[in-house]
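Chemist: My file is my_file-v2.tsv. It has TSV, C-alpha atoms:
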chain	number	residue	atom	x	y	z
I	1	MET	CA	-131.55	-21.64	-83.31
I	2	GLU	CA	-131.35	-24.04	-86.21
I	3	LYS	CA	-133.78	-24.28	-89.11
I	4	ILE	CA	-135.32	-27.76	-89.29
I	5	THR	CA	-134.95	-29.18	-92.78
I	6	THR	CA	-135.33	-32.94	-92.39
I	7	LEU	CA	-137.37	-35.47	-90.43
I	8	ASP	CA	-134.09	-36.70	-88.92
I	9	PHE	CA	-134.24	-33.74	-86.58
I	10	PHE	CA	-137.15	-35.32	-84.68
I	11	VAL	CA	-135.51	-38.73	-84.53
I	12	ASN	CA	-132.32	-37.13	-83.24
I	13	ALA	CA	-134.29	-35.15	-80.67
I	14	LEU	CA	-135.91	-38.35	-79.40
I	15	ASN	CA	-132.56	-40.12	-79.23
I	16	PHE	CA	-131.01	-37.15	-77.45
I	17	VAL	CA	-133.58	-37.04	-74.63
I	18	LYS	CA	-133.57	-40.82	-74.45
I	19	SER	CA	-129.82	-40.81	-73.83
I	20	PHE	CA	-130.37	-39.31	-70.35
I	21	LYS	CA	-132.34	-42.41	-69.36
I	22	LYS	CA	-134.96	-40.44	-67.45
I	23	LYS	CA	-138.73	-40.25	-67.80
I	24	SER	CA	-138.82	-38.30	-71.04
I	25	VAL	CA	-141.80	-36.21	-72.06
I	26	ASN	CA	-142.87	-34.49	-75.24
I	27	ASN	CA	-145.86	-32.73	-76.74
I	28	TYR	CA	-145.05	-33.56	-80.31
I	29	TYR	CA	-146.90	-36.64	-81.52
I	30	PHE	CA	-144.71	-37.66	-84.40
I	31	ASN	CA	-146.46	-38.14	-87.71
I	32	SER	CA	-144.25	-38.12	-90.78
I	33	ILE	CA	-146.84	-36.54	-93.11
I	34	LYS	CA	-147.66	-33.72	-90.72
I	35	SER	CA	-144.01	-33.18	-89.87
I	36	GLU	CA	-142.98	-33.05	-93.51
I	37	ALA	CA	-145.63	-30.42	-94.22
I	38	LEU	CA	-144.38	-28.35	-91.31
I	39	ILE	CA	-140.79	-28.63	-92.51
I	40	ASN	CA	-141.80	-27.65	-96.02
I	41	SER	CA	-143.50	-24.54	-94.66
I	42	GLY	CA	-139.99	-23.34	-93.75
I	43	ASN	CA	-141.17	-22.02	-90.42
I	44	LEU	CA	-139.76	-24.67	-88.10
I	45	SER	CA	-136.70	-24.08	-85.98
I	46	GLY	CA	-135.09	-26.07	-83.21
I	47	ILE	CA	-132.98	-25.18	-80.21
I	48	THR	CA	-131.39	-27.40	-77.58
I	49	ILE	CA	-131.19	-26.04	-74.04
I	50	GLY	CA	-129.79	-28.37	-71.43
I	51	GLU	CA	-131.57	-31.69	-71.73
I	52	VAL	CA	-134.46	-30.34	-73.74
I	53	VAL	CA	-134.98	-29.87	-77.47
I	54	PHE	CA	-137.49	-27.16	-78.28
I	55	VAL	CA	-139.17	-26.91	-81.65
I	56	LEU	CA	-140.59	-23.54	-82.57
I	57	LYS	CA	-143.07	-22.94	-85.36
I	58	GLN	CA	-143.21	-19.32	-86.43
I	59	ASN	CA	-146.69	-17.97	-87.16
I	60	GLU	CA	-147.75	-14.50	-88.13
I	61	HIS	CA	-148.18	-13.18	-84.59
I	62	PHE	CA	-146.94	-15.91	-82.27
I	63	ILE	CA	-144.87	-19.04	-81.96
I	64	ASN	CA	-146.10	-22.60	-81.41
I	65	LEU	CA	-143.82	-24.43	-79.01
I	66	TYR	CA	-143.10	-28.16	-78.94
I	67	TYR	CA	-140.67	-29.91	-76.69
I	68	TYR	CA	-138.74	-33.11	-76.19
I	69	ALA	CA	-137.44	-33.19	-72.62
I	70	ALA	CA	-135.39	-35.67	-70.62
I	71	ASP	CA	-137.96	-35.24	-67.82
I	72	LEU	CA	-140.26	-32.66	-66.27
I	73	THR	CA	-137.56	-31.19	-64.02
I	74	GLU	CA	-135.27	-30.57	-66.98
I	75	LEU	CA	-138.18	-29.14	-68.94
I	76	GLY	CA	-138.76	-26.58	-66.20
I	77	LYS	CA	-135.09	-25.56	-66.05
I	78	SER	CA	-134.70	-25.24	-69.81
I	79	LEU	CA	-138.01	-23.48	-70.21
I	80	ASP	CA	-136.85	-20.81	-67.78
I	81	LYS	CA	-133.83	-20.20	-70.02
I	82	LEU	CA	-135.85	-20.23	-73.23
I	83	VAL	CA	-138.19	-17.60	-71.83
I	84	SER	CA	-135.26	-15.41	-70.78
I	85	ILE	CA	-133.66	-15.67	-74.24
I	86	TYR	CA	-136.85	-14.64	-75.99
I	87	PRO	CA	-138.68	-12.40	-73.48
I	88	ASP	CA	-140.87	-10.59	-75.98
I	89	MET	CA	-142.23	-13.39	-78.09
I	90	THR	CA	-145.74	-14.72	-77.63
I	91	VAL	CA	-145.57	-18.45	-77.21
I	92	ILE	CA	-148.43	-20.91	-77.48
I	93	LEU	CA	-148.34	-24.62	-76.83
I	94	ASP	CA	-150.82	-27.44	-76.76
I	95	ILE	CA	-150.79	-30.20	-74.19
I	96	VAL	CA	-153.09	-33.14	-74.69
I	97	THR	CA	-153.80	-35.11	-71.55
I	98	THR	CA	-156.37	-37.33	-69.89
I	99	GLU	CA	-156.00	-35.41	-66.61
I	100	VAL	CA	-157.33	-31.96	-65.84
I	101	ASP	CA	-154.42	-31.17	-63.52
I	102	ALA	CA	-151.44	-32.74	-65.28
I	103	ASP	CA	-148.02	-32.06	-63.74
I	104	VAL	CA	-146.64	-30.81	-67.02
I	105	ILE	CA	-149.11	-27.92	-66.98
I	106	LYS	CA	-147.80	-26.89	-63.55
I	107	VAL	CA	-144.27	-26.80	-64.95
I	108	PHE	CA	-145.35	-24.27	-67.52
I	109	GLU	CA	-147.42	-22.28	-65.02
I	110	HIS	CA	-144.32	-21.98	-62.82
I	111	ASN	CA	-142.57	-20.45	-65.79
I	112	GLY	CA	-145.09	-17.71	-66.47
I	113	PHE	CA	-147.51	-19.56	-68.72
I	114	ASN	CA	-151.28	-19.39	-68.29
I	115	ILE	CA	-154.10	-21.51	-69.61
I	116	TYR	CA	-155.38	-19.60	-72.63
I	117	THR	CA	-158.21	-22.02	-73.20
I	118	SER	CA	-158.97	-25.72	-73.03
I	119	LEU	CA	-160.78	-28.06	-75.35
I	120	VAL	CA	-162.50	-31.33	-74.68
I	121	ARG	CA	-162.98	-34.12	-77.17
I	122	MET	CA	-166.54	-35.19	-77.86
I	123	SER	CA	-167.54	-38.29	-79.72
I	124	ARG	CA	-170.51	-40.32	-80.75
I	125	ILE	CA	-170.82	-43.92	-81.73
I	126	TYR	CA	-173.00	-44.48	-84.74
I	127	ASN	CA	-175.20	-47.41	-83.87
I	128	GLY	CA	-177.23	-47.54	-87.02
I	129	MET	CA	-180.30	-46.14	-85.27
I	130	SER	CA	-179.95	-42.53	-86.43
I	131	ILE	CA	-181.77	-41.35	-89.48
I	132	PHE	CA	-179.59	-39.79	-92.13
I	133	TYR	CA	-180.97	-38.04	-95.11
I	134	GLU	CA	-179.63	-36.88	-98.44
I	135	ALA	CA	-179.39	-33.13	-98.64
I	136	ILE	CA	-182.27	-31.76	-100.66
I	137	ASP	CA	-181.65	-28.12	-99.81
I	138	GLN	CA	-180.32	-26.55	-102.99
I	139	HIS	CA	-178.17	-24.17	-100.96
I	140	LEU	CA	-176.09	-27.04	-99.56
I	141	LYS	CA	-173.20	-28.30	-101.65
I	142	VAL	CA	-169.68	-29.60	-101.69
I	143	ALA	CA	-167.41	-26.59	-102.07
I	144	ASN	CA	-165.52	-25.94	-105.29
I	145	GLN	CA	-162.05	-24.35	-105.20
I	146	ASN	CA	-163.27	-20.75	-105.16
I	147	GLU	CA	-165.75	-21.46	-102.39
I	148	SER	CA	-163.02	-23.27	-100.47
I	149	LEU	CA	-160.81	-20.21	-100.64
I	150	GLU	CA	-163.74	-18.16	-99.34
I	151	VAL	CA	-163.95	-20.66	-96.48
I	152	PHE	CA	-160.24	-20.20	-95.88
I	153	ASN	CA	-160.70	-16.43	-95.62
I	154	GLN	CA	-163.57	-16.86	-93.15
I	155	LEU	CA	-161.42	-19.15	-91.03
I	156	LYS	CA	-158.72	-16.49	-90.91
I	157	THR	CA	-161.25	-13.77	-90.10
I	158	PHE	CA	-163.44	-15.45	-87.50
I	159	PHE	CA	-161.31	-18.11	-85.80
I	160	ASP	CA	-158.68	-17.54	-83.14
I	161	PRO	CA	-155.47	-19.16	-84.43
I	162	LYS	CA	-154.12	-19.42	-80.90
I	163	ALA	CA	-157.03	-21.50	-79.67
I	164	GLU	CA	-157.84	-23.45	-82.80
I	165	GLN	CA	-155.18	-24.81	-85.09
I	166	LEU	CA	-156.08	-23.34	-88.45
I	167	PRO	CA	-155.32	-25.13	-91.69
I	168	THR	CA	-152.87	-23.91	-94.28
I	169	GLN	CA	-154.07	-22.94	-97.72
I	170	ASP	CA	-152.53	-26.16	-99.06
I	171	GLU	CA	-154.62	-28.21	-96.61
I	172	ILE	CA	-157.74	-26.32	-97.67
I	173	ILE	CA	-157.01	-27.07	-101.32
I	174	GLU	CA	-156.43	-30.73	-100.54
I	175	TRP	CA	-159.67	-30.95	-98.54
I	176	SER	CA	-161.47	-29.17	-101.33
I	177	ASN	CA	-160.12	-31.65	-103.89
I	178	ASN	CA	-161.28	-34.50	-101.66
I	179	GLY	CA	-164.78	-33.03	-101.29
I	180	ASN	CA	-164.31	-32.50	-97.54
I	181	ILE	CA	-165.68	-28.95	-97.46
I	182	LEU	CA	-169.44	-28.48	-97.34
I	183	VAL	CA	-170.93	-25.04	-97.77
I	184	TYR	CA	-174.29	-23.38	-97.44
I	185	LYS	CA	-174.62	-20.72	-100.13
I	186	ILE	CA	-176.93	-17.72	-99.94
I	187	GLN	CA	-176.91	-15.06	-102.63
I	188	ASN	CA	-173.63	-16.35	-104.00
I	189	GLN	CA	-171.93	-16.10	-100.60
I	190	VAL	CA	-170.68	-18.84	-98.34
I	191	ALA	CA	-173.07	-18.37	-95.41
I	192	GLY	CA	-171.70	-21.32	-93.48
I	193	PHE	CA	-169.44	-24.32	-93.84
I	194	ILE	CA	-168.29	-27.58	-92.38
I	195	ILE	CA	-164.93	-29.21	-92.95
I	196	TYR	CA	-164.69	-32.90	-92.21
I	197	GLN	CA	-162.45	-35.89	-92.82
I	198	LEU	CA	-163.31	-39.55	-92.99
I	199	VAL	CA	-160.40	-41.72	-91.90
I	200	GLY	CA	-161.26	-45.40	-92.15
I	201	VAL	CA	-164.31	-45.81	-89.94
I	202	THR	CA	-163.91	-42.52	-88.06
I	203	LEU	CA	-165.47	-39.23	-89.08
I	204	TYR	CA	-163.71	-36.09	-87.89
I	205	LEU	CA	-165.48	-32.76	-87.73
I	206	ARG	CA	-162.71	-30.20	-88.21
I	207	TYR	CA	-164.54	-26.87	-88.47
I	208	TRP	CA	-168.17	-25.83	-88.33
I	209	PHE	CA	-169.16	-22.22	-88.83
I	210	VAL	CA	-172.08	-20.02	-89.78
I	211	SER	CA	-171.36	-16.42	-90.67
I	212	PRO	CA	-172.81	-13.91	-88.14
I	213	LEU	CA	-174.93	-12.39	-90.92
I	214	PHE	CA	-176.79	-15.66	-91.44
I	215	ARG	CA	-177.34	-17.00	-87.93
I	216	GLU	CA	-180.72	-17.91	-86.38
I	217	ARG	CA	-181.79	-19.54	-89.65
I	218	LYS	CA	-180.94	-23.16	-88.74
I	219	LEU	CA	-178.16	-23.22	-91.32
I	220	GLY	CA	-175.85	-24.84	-88.79
I	221	SER	CA	-178.26	-27.73	-88.30
I	222	LYS	CA	-178.64	-28.22	-92.03
I	223	LEU	CA	-174.89	-28.28	-92.50
I	224	PHE	CA	-174.49	-30.67	-89.59
I	225	ASN	CA	-177.07	-33.10	-90.91
I	226	TYR	CA	-175.43	-32.96	-94.32
I	227	PHE	CA	-172.11	-33.74	-92.63
I	228	LEU	CA	-173.66	-36.71	-90.80
I	229	PHE	CA	-175.09	-37.94	-94.07
I	230	LYS	CA	-171.68	-37.71	-95.72
I	231	GLY	CA	-170.24	-39.78	-92.89
I	232	LYS	CA	-173.07	-42.29	-92.70
I	233	ASP	CA	-170.65	-45.19	-93.19
I	234	SER	CA	-168.52	-44.19	-90.21
I	235	LYS	CA	-168.71	-45.91	-86.84
I	236	ARG	CA	-167.34	-43.10	-84.73
I	237	GLN	CA	-167.73	-39.36	-85.08
I	238	LEU	CA	-165.64	-36.93	-83.12
I	239	PHE	CA	-164.29	-33.42	-82.73
I	240	TRP	CA	-162.75	-31.00	-80.23
I	241	VAL	CA	-164.74	-28.19	-78.69
I	242	ILE	CA	-163.69	-25.29	-76.48
I	243	GLN	CA	-164.86	-26.14	-72.96
I	244	THR	CA	-166.28	-22.69	-72.23
I	245	ASN	CA	-168.48	-22.90	-75.31
I	246	GLU	CA	-171.35	-24.29	-73.30
I	247	ASN	CA	-174.01	-23.58	-75.90
I	248	ALA	CA	-172.14	-25.59	-78.48
I	249	ILE	CA	-171.62	-28.46	-76.05
I	250	ILE	CA	-175.35	-28.54	-75.28
I	251	ARG	CA	-176.06	-28.59	-79.00
I	252	TYR	CA	-173.61	-31.42	-79.58
I	253	LYS	CA	-175.13	-33.41	-76.73
I	254	HIS	CA	-178.49	-32.96	-78.43
I	255	TYR	CA	-176.97	-34.86	-81.37
I	256	GLY	CA	-175.86	-37.66	-79.05
I	257	PHE	CA	-172.22	-36.68	-78.56
I	258	LYS	CA	-170.56	-37.23	-75.21
I	259	GLU	CA	-167.55	-35.57	-73.63
I	260	GLU	CA	-164.50	-37.81	-73.34
I	261	LYS	CA	-161.81	-37.60	-70.68
I	262	MET	CA	-159.45	-36.13	-73.23
I	263	TYR	CA	-158.37	-32.54	-72.91
I	264	ASN	CA	-156.26	-30.17	-74.93
I	265	PHE	CA	-154.86	-27.34	-72.83
I	266	VAL	CA	-153.67	-24.33	-74.79
I	267	LEU	CA	-151.04	-22.44	-72.80
I	268	ILE	CA	-149.71	-18.95	-73.45
I	269	ASN	CA	-146.88	-16.98	-71.89
I	270	LYS	CA	-149.02	-13.83	-71.63
I	271	ASN	CA	-151.75	-12.77	-69.28
I	272	THR	CA	-154.55	-13.19	-71.75
I	273	LYS	CA	-157.51	-15.49	-72.25
I	274	TYR	CA	-159.44	-16.80	-75.20
I	275	GLU	CA	-162.58	-14.79	-75.92
I	276	SER	CA	-165.36	-16.64	-77.66
R	277	MET	CA	-151.05	-61.05	-73.65
R	278	LYS	CA	-153.00	-60.31	-76.84
R	279	ALA	CA	-156.33	-61.00	-75.16
R	280	LYS	CA	-155.55	-58.46	-72.45
R	281	ILE	CA	-154.44	-55.88	-75.02
R	282	ILE	CA	-157.70	-56.38	-76.92
R	283	GLU	CA	-159.59	-55.90	-73.66
R	284	ILE	CA	-157.79	-52.61	-73.01
R	285	LEU	CA	-158.33	-51.40	-76.56
R	286	THR	CA	-161.99	-52.34	-76.38
R	287	ASP	CA	-162.33	-50.40	-73.13
R	288	ILE	CA	-161.10	-47.33	-74.99
R	289	ARG	CA	-162.96	-47.90	-78.24
R	290	SER	CA	-165.72	-50.40	-77.63
R	291	GLU	CA	-167.23	-49.87	-81.07
R	292	PHE	CA	-164.36	-51.56	-82.90
R	293	ASP	CA	-163.19	-55.13	-83.30
R	294	PHE	CA	-159.49	-55.09	-82.49
R	295	ASN	CA	-159.11	-58.72	-83.54
R	296	GLU	CA	-159.07	-57.46	-87.12
R	297	ASP	CA	-155.71	-57.68	-88.81
R	298	VAL	CA	-155.60	-54.03	-89.87
R	299	ASN	CA	-153.55	-50.96	-89.14
R	300	PHE	CA	-155.55	-49.35	-86.33
R	301	PHE	CA	-154.59	-45.84	-87.43
R	302	GLN	CA	-155.10	-46.17	-91.17
R	303	ASN	CA	-158.45	-47.80	-90.49
R	304	GLY	CA	-159.54	-44.93	-88.24
R	305	MET	CA	-159.90	-47.11	-85.14
R	306	LEU	CA	-157.33	-45.12	-83.18
R	307	ASP	CA	-155.75	-41.72	-83.59
R	308	SER	CA	-152.73	-40.09	-82.06
R	309	PHE	CA	-154.84	-38.77	-79.17
R	310	ASP	CA	-156.10	-42.23	-78.31
R	311	ILE	CA	-152.47	-43.15	-77.72
R	312	VAL	CA	-152.51	-40.90	-74.66
R	313	THR	CA	-155.33	-42.96	-73.12
R	314	LEU	CA	-153.85	-46.23	-74.27
R	315	VAL	CA	-150.44	-45.49	-72.78
R	316	THR	CA	-152.02	-44.63	-69.43
R	317	ALA	CA	-154.02	-47.89	-69.47
R	318	LEU	CA	-151.01	-50.01	-70.46
R	319	ASP	CA	-148.82	-48.35	-67.83
R	320	GLU	CA	-151.39	-49.13	-65.15
R	321	GLU	CA	-152.16	-52.67	-66.27
R	322	TYR	CA	-148.56	-53.81	-66.68
R	323	LYS	CA	-146.98	-51.62	-63.97
R	324	ILE	CA	-144.58	-50.14	-66.47
R	325	SER	CA	-143.77	-46.64	-67.62
R	326	ILE	CA	-143.68	-46.25	-71.38
R	327	ASP	CA	-141.12	-43.66	-72.29
R	328	GLY	CA	-142.06	-40.61	-74.38
R	329	LYS	CA	-139.72	-41.73	-77.15
R	330	ASP	CA	-141.84	-44.81	-77.67
R	331	ILE	CA	-145.12	-42.95	-77.85
R	332	ILE	CA	-145.35	-42.96	-81.62
R	333	PRO	CA	-148.17	-44.41	-83.76
R	334	ASP	CA	-146.02	-47.20	-85.19
R	335	ASN	CA	-145.78	-48.79	-81.75
R	336	PHE	CA	-149.57	-48.93	-81.39
R	337	SER	CA	-150.71	-49.65	-84.94
R	338	SER	CA	-151.49	-53.36	-84.44
R	339	LEU	CA	-151.73	-56.03	-81.76
R	340	ASN	CA	-148.28	-57.31	-82.70
R	341	ALA	CA	-146.77	-53.84	-82.47
R	342	ILE	CA	-148.26	-53.24	-79.01
R	343	GLU	CA	-147.20	-56.69	-77.82
R	344	SER	CA	-143.69	-56.08	-79.06
R	345	LEU	CA	-143.54	-52.72	-77.27
R	346	LEU	CA	-144.78	-54.25	-74.01
R	347	SER	CA	-142.24	-57.08	-74.25
R	348	LYS	CA	-139.51	-54.48	-74.51
R	349	TYR	CA	-140.61	-53.16	-71.11
R	350	GLY	CA	-140.65	-56.65	-69.65
R	351	ALA	CA	-144.44	-56.80	-69.43
R	352	LYS	CA	-145.93	-60.30	-69.21
Reformat the file's structure so that it appears as structure tokens.
Modeler:
Amino acid sequence: MEKITTLDFFVNALNFVKSFKKKSVNNYYFNSIKSEALINSGNLSGITIGEVVFVLKQNEHFINLYYYAADLTELGKSLDKLVSIYPDMTVILDIVTTEVDADVIKVFEHNGFNIYTSLVRMSRIYNGMSIFYEAIDQHLKVANQNESLEVFNQLKTFFDPKAEQLPTQDEIIEWSNNGNILVYKIQNQVAGFIIYQLVGVTLYLRYWFVSPLFRERKLGSKLFNYFLFKGKDSKRQLFWVIQTNENAIIRYKHYGFKEEKMYNFVLINKNTKYES
Amino acid sequence: MKAKIIEILTDIRSEFDFNEDVNFFQNGMLDSFDIVTLVTALDEEYKISIDGKDIIPDNFSSLNAIESLLSKYGAK
């Protein structure tokens, strides 16, 4: 196992699997900014087994697995070896696909992995017909740094890091500095929050949460409308939602969002399922 | 070829004008997940099989980039 210290590792991994001239596959969508942040975290390691390069990201209680493989057959063979080398570790990986029964998922299932959960992408096209309004509720605000750290703690407490990729503290600080965290404050507490990003003409909803103590008060709707107002100049709004979260999906549809044929399967090498 | 690429892109994201001379990713018109759909559509349309090593944003960030990638696979 080698610690990954430069972006060259990914380029070399691509060149390595390419050299076999087969139908290579990977689940790592290269992005230099994201990759650099991961490298800087110091938690990335790589290992080559046969014709596959595995990248492992160490988390507190599990490992995120990425792969570059010469083809699916080689992925299966090397995965079998990886699992036997590290029998006790909990491994999670994400596979994004447009098919619900992608062959790559079967490769992992044959090697002891199970679907932990699956997410579907929902989106909405802003056609100029919706009514946006400026937030007039005094409890709604853009989070300051302290409130953002409170949001960070709530993410760690209430979200499942296996099912939902949680941000690092550095990302939270950056989002906070950019005004991307909206909070609903009650009695000096963060009762709910939304984290969003506006990239060009697309508005991404990253996280939306109302603390259990403050539910059934329409705080979620107020936050959501504030979020839509903040993104009123966007043309497309989207996010990922866990497919079993039917209530949320119904709520999103109420806002005009539609499910896309874009799925994120979260696989785990244990016999366990996501619990909402 | 560009007209066909625009047609495919518009099928995926009908709300955007892909004739614009912009970086599709920086402008928020596509993201890394859209590449998955785009690759499938290009594979089917041009009867090619884009290799995993080429599935990086740079190869899909503009009409010229996509055209260049397709030419590499002999697409016409």
Chemist: Compile the contact shell of Leu318 of chain R as a ChimeraX atom specification: residues with an atom at most 10 Å away, counting all atoms listed in the file, same-chain residues fewer than 2 positions apart removed.
Modeler: /R:280-281,284-285,313-316,320-326,342,346,351
Chemist: Produce a table with one row for each residue of chain I that has an atom at most 8 Å from any atom of chain R, each row naming the nearest atom pair and its distance in Å at one decimal; use only C-alpha atoms; arrange rows by chain and rising residue number; format as a tab-separated table.
Modeler:
residue	atom	partner	partner_atom	distance
I:Leu14	CA	R:Lys329	CA	5.6
I:Asn15	CA	R:Lys329	CA	7.6
I:Lys18	CA	R:Lys329	CA	6.8
I:Lys23	CA	R:Asp327	CA	6.1
I:Ser24	CA	R:Gly328	CA	5.2
I:Val25	CA	R:Gly328	CA	5.0
I:Asn26	CA	R:Gly328	CA	6.2
I:Tyr29	CA	R:Ile332	CA	6.5
I:Phe30	CA	R:Ile332	CA	6.0
I:Asn31	CA	R:Pro333	CA	7.6
I:Val96	CA	R:Phe309	CA	7.4
I:Thr97	CA	R:Val312	CA	6.7
I:Thr98	CA	R:Thr313	CA	6.6
I:Ile125	CA	R:Glu291	CA	7.0
I:Val199	CA	R:Gly304	CA	4.9
I:Gly200	CA	R:Asn303	CA	4.1
I:Val201	CA	R:Gly304	CA	5.1
I:Thr202	CA	R:Gly304	CA	5.0
I:Lys235	CA	R:Glu291	CA	7.2
I:Arg236	CA	R:Glu291	CA	7.7
I:Met262	CA	R:Phe309	CA	8.0
Chemist: For atom CA of His110 of chain I and atom CA of Val52 of chain I, quote the distance in Å rounded to one decimal.
Modeler: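 These two atoms are separated by 16.9 Å.
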Chemist: Do you know which residues are at most 8 Å from Ala143 of chain I counting only C-alpha atoms, after dropping those on the same chain fewer than 4 positions away, and could you put them as a PyMOL selection string?
Modeler: chain I and resi 147-148+176+179+181-183
Chemist: So that I have them on file, write out the residues from the current selection with C-alpha atoms, as a compact mmCIF listing (two decimals), in the frame of the given file.
Modeler:
# COMPACT_ATOMS: atom_id res chain seq x y z
CA GLU I 147 -165.75 -21.46 -102.39
CA SER I 148 -163.02 -23.27 -100.47
CA SER I 176 -161.47 -29.17 -101.33
CA GLY I 179 -164.78 -33.03 -101.29
CA ILE I 181 -165.68 -28.95 -97.46
CA LEU I 182 -169.44 -28.48 -97.34
CA VAL I 183 -170.93 -25.04 -97.77
Chemist: So that I can see what lies close to Thr272 of chain I, please list as a PDB file with C-alpha atoms, in the coordinates of the input the residues with an atom at most 12 Å from it, counting all atoms listed in the file and leaving out residues fewer than 6 positions away in the same chain.
Modeler:
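Listing of selection-v2.pdb after writing:
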ATOM      1  CA  THR I  90    -145.740 -14.720 -77.630  1.00  0.00           C
ATOM      2  CA  VAL I  91    -145.570 -18.450 -77.210  1.00  0.00           C
ATOM      3  CA  ILE I  92    -148.430 -20.910 -77.480  1.00  0.00           C
ATOM      4  CA  GLY I 112    -145.090 -17.710 -66.470  1.00  0.00           C
ATOM      5  CA  PHE I 113    -147.510 -19.560 -68.720  1.00  0.00           C
ATOM      6  CA  ASN I 114    -151.280 -19.390 -68.290  1.00  0.00           C
ATOM      7  CA  ILE I 115    -154.100 -21.510 -69.610  1.00  0.00           C
ATOM      8  CA  TYR I 116    -155.380 -19.600 -72.630  1.00  0.00           C
ATOM      9  CA  THR I 117    -158.210 -22.020 -73.200  1.00  0.00           C
ATOM     10  CA  LYS I 162    -154.120 -19.420 -80.900  1.00  0.00           C
ATOM     11  CA  ALA I 163    -157.030 -21.500 -79.670  1.00  0.00           C
ATOM     12  CA  VAL I 266    -153.670 -24.330 -74.790  1.00  0.00           C
TER      13      VAL I 266
END
Chemist: Counting only C-alpha atoms, which residues have an atom no more than 12 Å from (-173.2, -32.6, -102.4) in the file's coordinates? Please list them as a ChimeraX atom specification.
Modeler: /I:133-144,179-184,223,226-227,229-230
Chemist: So how far away is atom CA of Leu38 of chain I from atom CA of Val53 of chain I, in Å?
Modeler: 16.8 Å
Chemist: Quick one, how far is atom CA of Leu82 of chain I from atom CA of Asp94 of chain I?
Modeler: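 Computing it gives 17.0 Å between the two atoms.
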Chemist: Counting all atoms listed in the file, which residues sit no farther than 12 Å from the position (-157.1, -60.5, -85.6) in the file's frame? I'd like them as a list of chain:residue names.
Modeler: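 Residues satisfying the cut-off, written out: R:Lys278, R:Ala279, R:Ile281, R:Ile282, R:Phe292, R:Asp293, R:Phe294, R:Asn295, R:Glu296, R:Asp297, R:Val298, R:Asn299, R:Phe300, R:Ser338, R:Leu339, R:Asn340.
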